[in-house]
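**Q** The structure that follows is given in the form of C-alpha cells.
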Amino acid sequence: MKLSELIDEIGGEAEGDPSVEVTAVAEPETAGEGQLAWVGDDRYSQMNLRASVLLLSTDQALPEQHEAKAVWRHTQPNKAFALSIARLHPEPPPSWEGIHPSAQIMKGAEIAEDVSIGPGVYIDREVVVESGVIIDPGSVIHGPSTIGSGSRIHARVTIMPCSTIGSECILHPGAVIGGDGFGFVSDTDGALRVPHRGGVVLGDRVEVGCLSTIDRGVLGNTTIGTGTKIDNLVHVAHNVSIGAHSFLAAQVGIAGSATIGNQCEFGGQSGMVGHAEIGDKVRVAAKSAILSGGFENETVMGIPATEAGRMRRIFAILQQLPELRDRILDLEKKLDRDS
C-alpha cells in the first residue's frame with residue numbers, strides 16, 4: 001500500500017514522496033526497497049539505511065546516510081510501528097473453516113455461529129463461546145465457562161471450570177486458566193488439600209503468555225483487570241486481584257490473595273508475597289520481591305523491595321563492604337596498639 005494510505009489510517013505526516021509503495025516492515029539494518037523501518041534510537045544514525053520509508057518521531061534528526069524516498073513523522077512512532085505491522089503483516093486465518101469435524105463439543109455448550117474451532121478441541125457442557133472467537137487445535141475448555149467475543153485461544157490452552165474470559169483476549173499456547181491453587185492444610189497423615197471452588201475472571205483485552213498459569217480462587221475469584229498483559233511463564237496464584245492495564249514480565253510470581261492496583265509493572269522474575277497490597281502505578285524492578293505492601297505510584301527494587309533511590313544507595317554501599325571491613329579491622333588494630 002502507499003505511504004499516504006498508511007498515514008490516512010494511522011496518522012502522522014510525510015516528508016518526501018507520500019505515494020511510495022510499502023510492502024513490508026523490516027528492521028533498519030536489513031530493510032530495503034519497498035520496506036518501512038522504524039529508526040527507534042541513535043545506534044542507526046551512522047548506518048547507511050536503505051529502507052524506502054523511515055519512521056521517525058516528530059523532532060528526531062534524520063540519519064545522515066539513507067536512501068529513503070520518504071520520511072514518516074509521527075508523535076508516537078512506536079504505536080505507528082505496531083499498527084503498521086498489523087496492517088502489512090496480518091495474522092493468517094485458520095487453515096480450517098468453522099468447526100472442525102474432529103472437535104468434540106458436548107451437549108449443552110452454546111457456540112456462536114461465526115466461531116472457528118480447530119482440530120482436537122474439547123468443549124464441555126455449559127461453555128459459552130461468543131461471536132468471532134477462534135480456538136486453535138488441542139485446546140480444552142471445561143464448563144461452566146464463558147469466552148467473550150473476538151478472543152483468540154491458541155493451541156493447547158486449558159480453561160478450567162468457572163472461568164470467564166473477556167472480549168478480545170489472547171491466550172497464548174499452553175496457558176492454563178483456572179487450575180487449583182497451592183492450598184493445603186497440615187494433617188496427621190500429611191497434607192490435606194483445600195478444595196478450590198472459585199473461578200477466574202479476565203477482563204477485556206487481557207493477554208496471557210505461553211505456559212502461564214492463573215489459578216482459580218478458593219471460594220471467590222482470581223481477577224485480572226481490563227487490558228492487563230501477562231508474559232510467558234508467569235504464575236498468578238489463587239484469589240489474586242490485579243487491576244487494569246498492568247504488565248507482568250516473564251517468570252513473575254504473585255502469591256495467593258495479593259492485591260495489585262492499576263497500571264502496575266513487574267519486571268522479569270520479580271514477585272509478591274501473599275495477602276500484600278499495592279496501589280496504582282507501582283513499578284517493580286526485575287528480580288525484586290514485595291514482602292509488604294503499601295506502595296503507590298513509585299518504583300521499587302531489591303529484596304525486600306524498597307524505594308528505588310534508597311535501594312541504589314544500599315547497593316552502592318554493599319559494593320564497598322570488603323574495603324570497609326578492611327578499614328574497620330585496621331582501626332581496631334590501631335585502637336589495640338594505642339591502648
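Residue numbers start at 1 in each chain; chains themselves are named A, B, ... in the order of the C-alpha cells; ligands are numbered from 1 in the order shown.
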Report as a Markdown table the residues of segment 62-128 of chain A within 10 Å of segment 162-179 of chain A, each with its shortest atom pair and distance in Å (one decimal), using only C-alpha atoms, ordered by chain and increasing residue number.

**A**
```
| residue | atom | partner | partner_atom | distance |
| --- | --- | --- | --- | --- |
| A:Glu126 | CA | A:Cys162 | CA | 9.9 |
| A:Val127 | CA | A:Cys162 | CA | 9.5 |
| A:Val128 | CA | A:Thr164 | CA | 9.5 |
```

**Q** Using the selection just defined, write its residues with N, CA, C and O atoms as a PDB file, in the first residue's frame.

**A**
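Once everything was written out, this is part-v4.pdb:
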```pdb
ATOM      1  N   GLU A 126     -22.099 -26.489  29.277  1.00  0.00           N
ATOM      2  CA  GLU A 126     -22.173 -25.215  30.000  1.00  0.00           C
ATOM      3  C   GLU A 126     -21.021 -24.277  29.647  1.00  0.00           C
ATOM      4  O   GLU A 126     -20.635 -23.426  30.452  1.00  0.00           O
ATOM      5  N   VAL A 127     -20.460 -24.424  28.472  1.00  0.00           N
ATOM      6  CA  VAL A 127     -19.475 -23.479  27.963  1.00  0.00           C
ATOM      7  C   VAL A 127     -20.165 -22.572  26.959  1.00  0.00           C
ATOM      8  O   VAL A 127     -20.882 -23.043  26.067  1.00  0.00           O
ATOM      9  N   VAL A 128     -19.944 -21.267  27.100  1.00  0.00           N
ATOM     10  CA  VAL A 128     -20.491 -20.282  26.166  1.00  0.00           C
ATOM     11  C   VAL A 128     -19.330 -19.687  25.379  1.00  0.00           C
ATOM     12  O   VAL A 128     -18.390 -19.133  25.967  1.00  0.00           O
TER      13      VAL A 128
END
```

**Q** Going by DSSP on the backbone, which residues of segment 36-134 of chain A come out as strand (DSSP E)? List them as a list of chain:residue names.

**A**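 Result set for segment 36-134 of chain A (strand (DSSP E)): A:Leu36, A:Ala37, A:Trp38, A:Val53, A:Leu54, A:Leu55, A:Leu56, A:Ser57, A:Ala70, A:Val71, A:Trp72, A:Arg73, A:His74, A:Gln104, A:Ile105, A:Glu110, A:Ile111, A:Ser116, A:Ile117, A:Tyr122, A:Ile123, A:Val127, A:Val128, A:Val129, A:Ile134.
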
**Q** Using only C-alpha atoms, find the one residue out of A:Ser45, A:Thr306, A:Ser57, A:Thr226 that sits nearest to Val71 of chain A.

**A**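 Counting only C-alpha atoms, the residue closest to Val71 of chain A is A:Ser57.
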
**Q** Name all residues at most 8 Å from Thr23 of chain A (count only C-alpha atoms; drop same-chain ones fewer than 5 positions away) and give them as a list in words.

**A** Met1, Gly34, Gln35, Leu36 and Leu88 of chain A

**Q** Given only C-alpha atoms as the basis, pick out the residue of A:Val185, A:Ile117, A:Cys264, A:Leu3 nearest to Ala249 of chain A.

**A**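 Of all the options, A:Cys264 lies closest to Ala249 of chain A.
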
**Q** Find the distance between atom CA of Asn48 of chain A and atom CA of Gln65 of chain A and write it in Å to one decimal.

**A** 4.6 Å

**Q** Near Ile303 of chain A, counting only C-alpha atoms, which residues have an atom at most 10 Å away, once you skip same-chain residues fewer than 4 positions from it, shown as a PyMOL selection string?

**A** chain A and resi 270-271+287-291+311

**Q** With only C-alpha atoms as the atoms that count, which of A:Ala31, A:Met47, A:Ala61, A:Cys210 lies nearest to Arg156 of chain A?

**A**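 Going through A:Ala31, A:Met47, A:Ala61, A:Cys210 one by one, the smallest distance to Arg156 of chain A is for A:Cys210.
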
**Q** Report the distance between atom CA of Gly227 of chain A and atom CA of Val208 of chain A in Å, rounded to one decimal place.

**A**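 The value is 10.7 Å.
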
**Q** So, counting only C-alpha atoms, which residue among A:His196, A:Arg283, A:Lys79, A:Lys334 is closest to His238 of chain A?

**A** A:His196

**Q** Which residues are near segment 8-21 of chain A? Cut-off 8 Å, only C-alpha atoms, ignore same chain within fewer than 2 positions. Put them as a compact mmCIF listing (two decimals) with N, CA and C atoms, in the first residue's frame.

**A**
```
# COMPACT_ATOMS: atom_id res chain seq x y z
N MET A 1 0.85 -1.19 0.00
CA MET A 1 0.00 0.00 0.00
C MET A 1 0.88 1.24 0.00
N LYS A 2 0.30 2.36 -0.38
CA LYS A 2 1.05 3.61 -0.41
C LYS A 2 1.25 4.14 1.01
N LEU A 3 2.34 4.88 1.21
CA LEU A 3 2.58 5.52 2.49
C LEU A 3 1.43 6.43 2.85
N SER A 4 0.88 7.13 1.88
CA SER A 4 -0.24 8.04 2.14
C SER A 4 -1.44 7.30 2.72
N GLU A 5 -1.64 6.04 2.29
CA GLU A 5 -2.74 5.25 2.83
C GLU A 5 -2.48 4.85 4.28
N LEU A 6 -1.23 4.50 4.56
CA LEU A 6 -0.88 4.20 5.95
C LEU A 6 -1.11 5.42 6.85
N THR A 23 5.60 -2.41 1.11
CA THR A 23 5.15 -3.80 1.07
C THR A 23 5.37 -4.53 2.39
N GLY A 34 11.10 -0.77 -0.97
CA GLY A 34 9.70 -1.06 -0.70
C GLY A 34 9.38 -1.36 0.75
N SER A 52 12.88 2.20 2.01
CA SER A 52 12.19 3.22 1.20
C SER A 52 11.52 4.27 2.05
N VAL A 53 11.09 3.88 3.26
CA VAL A 53 10.43 4.81 4.17
C VAL A 53 11.05 4.66 5.56
N LYS A 69 12.94 7.30 0.23
CA LYS A 69 12.18 8.16 -0.67
C LYS A 69 11.21 9.04 0.10
N ALA A 70 10.92 8.64 1.34
CA ALA A 70 10.01 9.43 2.18
C ALA A 70 10.32 9.17 3.65
N VAL A 71 9.99 10.16 4.47
CA VAL A 71 10.11 10.04 5.92
C VAL A 71 8.71 10.20 6.50
N TRP A 72 8.36 9.30 7.39
CA TRP A 72 7.05 9.34 8.06
C TRP A 72 7.28 9.84 9.48
N ARG A 73 6.75 11.02 9.78
CA ARG A 73 6.86 11.61 11.11
C ARG A 73 5.59 11.32 11.91
N HIS A 74 5.77 10.83 13.14
CA HIS A 74 4.62 10.50 13.98
C HIS A 74 4.94 10.86 15.43
N THR A 75 3.94 11.35 16.14
CA THR A 75 4.15 11.72 17.55
C THR A 75 4.38 10.49 18.43
N ALA A 80 2.81 3.73 15.83
CA ALA A 80 2.70 3.63 14.37
C ALA A 80 3.39 2.37 13.86
N LEU A 83 1.08 -0.67 14.65
CA LEU A 83 -0.08 -0.69 13.77
C LEU A 83 0.30 -1.01 12.33
```

**Q** With a distance cut-off of 10 Å and only C-alpha atoms, select the neighbouring residues of Arg193 of chain A, excluding the residue or stretch itself and same-chain residues fewer than 6 positions from it, and output the selection as a PyMOL selection string.

**A** chain A and resi 180-187

**Q** Could you write those residues out with N, CA, C and O atoms, as a PDB file, in the first residue's frame?

**A**
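That gives us part-v4.pdb:
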```pdb
ATOM      1  N   ASP A 180      -6.345 -25.458  40.059  1.00  0.00           N
ATOM      2  CA  ASP A 180      -6.392 -25.304  41.513  1.00  0.00           C
ATOM      3  C   ASP A 180      -5.144 -24.594  42.023  1.00  0.00           C
ATOM      4  O   ASP A 180      -4.041 -24.802  41.516  1.00  0.00           O
ATOM      5  N   GLY A 181      -5.321 -23.780  43.047  1.00  0.00           N
ATOM      6  CA  GLY A 181      -4.202 -23.122  43.694  1.00  0.00           C
ATOM      7  C   GLY A 181      -3.454 -24.065  44.619  1.00  0.00           C
ATOM      8  O   GLY A 181      -3.860 -25.205  44.854  1.00  0.00           O
ATOM      9  N   PHE A 182      -2.342 -23.571  45.158  1.00  0.00           N
ATOM     10  CA  PHE A 182      -1.471 -24.366  46.029  1.00  0.00           C
ATOM     11  C   PHE A 182      -1.948 -24.185  47.462  1.00  0.00           C
ATOM     12  O   PHE A 182      -1.361 -23.441  48.253  1.00  0.00           O
ATOM     13  N   GLY A 183      -3.048 -24.875  47.800  1.00  0.00           N
ATOM     14  CA  GLY A 183      -3.641 -24.708  49.121  1.00  0.00           C
ATOM     15  C   GLY A 183      -3.741 -26.027  49.864  1.00  0.00           C
ATOM     16  O   GLY A 183      -4.419 -26.956  49.407  1.00  0.00           O
ATOM     17  N   PHE A 184      -3.069 -26.126  51.016  1.00  0.00           N
ATOM     18  CA  PHE A 184      -3.062 -27.357  51.801  1.00  0.00           C
ATOM     19  C   PHE A 184      -3.156 -27.029  53.282  1.00  0.00           C
ATOM     20  O   PHE A 184      -2.738 -25.960  53.729  1.00  0.00           O
ATOM     21  N   VAL A 185      -3.694 -27.967  54.034  1.00  0.00           N
ATOM     22  CA  VAL A 185      -3.767 -27.866  55.496  1.00  0.00           C
ATOM     23  C   VAL A 185      -2.987 -29.033  56.082  1.00  0.00           C
ATOM     24  O   VAL A 185      -3.150 -30.188  55.639  1.00  0.00           O
ATOM     25  N   SER A 186      -2.132 -28.751  57.059  1.00  0.00           N
ATOM     26  CA  SER A 186      -1.356 -29.819  57.692  1.00  0.00           C
ATOM     27  C   SER A 186      -2.286 -30.794  58.414  1.00  0.00           C
ATOM     28  O   SER A 186      -3.251 -30.397  59.078  1.00  0.00           O
ATOM     29  N   ASP A 187      -1.976 -32.074  58.278  1.00  0.00           N
ATOM     30  CA  ASP A 187      -2.797 -33.108  58.895  1.00  0.00           C
ATOM     31  C   ASP A 187      -1.876 -34.195  59.432  1.00  0.00           C
ATOM     32  O   ASP A 187      -0.716 -34.299  59.041  1.00  0.00           O
TER      33      ASP A 187
END
```

**Q** For Asp215 of chain A, which residue among A:Gln251, A:Asn232, A:Asn262, A:Ser257 is the nearest when counting only C-alpha atoms?

**A**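 Smallest distance to Asp215 of chain A is found for A:Ser257.
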
**Q** Neighbours of Ile242 of chain A within 10 Å (only C-alpha atoms; same-chain residues fewer than 5 positions away dropped), as a list in words?

**A** Leu202, Thr222, Thr223, Ile224, Gly225, Thr226, Thr228, Val236, Phe247, Ile254, Ala258, Thr259, Ile260, Gly261, Asn262, Gln263, Cys264 and Ile278 of chain A

**Q** Just C-alpha atoms for this one: save the residues we selected as a short mmCIF file (atom, residue, chain, number, x, y, z; two decimals), in the first residue's frame.

**A**
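Final output, saved to selection_21.cif:
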```cif
data_model
loop_
_atom_site.label_atom_id
_atom_site.label_comp_id
_atom_site.auth_asym_id
_atom_site.auth_seq_id
_atom_site.Cartn_x
_atom_site.Cartn_y
_atom_site.Cartn_z
CA LEU A 202 -10.28 -11.97 32.89
CA THR A 222 -8.98 -14.55 40.89
CA THR A 223 -9.41 -11.36 38.83
CA ILE A 224 -7.30 -9.79 36.08
CA GLY A 225 -8.32 -6.26 35.04
CA THR A 226 -9.06 -4.95 31.57
CA THR A 228 -3.55 -6.27 31.54
CA VAL A 236 -0.75 -15.84 39.39
CA PHE A 247 2.20 -5.57 32.87
CA ILE A 254 2.26 -13.46 42.58
CA ALA A 258 -2.22 -10.45 46.85
CA THR A 259 -3.79 -7.24 45.54
CA ILE A 260 -2.22 -5.17 42.76
CA GLY A 261 -3.59 -1.84 41.57
CA ASN A 262 -3.99 -0.38 38.09
CA GLN A 263 -1.12 0.32 35.67
CA CYS A 264 1.48 -1.56 37.69
CA ILE A 278 -0.01 -2.28 46.49
#
```

**Q** Looking at A:Pro77, A:Gly302, A:Pro195, A:Pro137, which one is nearest to Ile314 of chain A, with distances taken over only C-alpha atoms?

**A**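 Counting only C-alpha atoms, the residue closest to Ile314 of chain A is A:Gly302.
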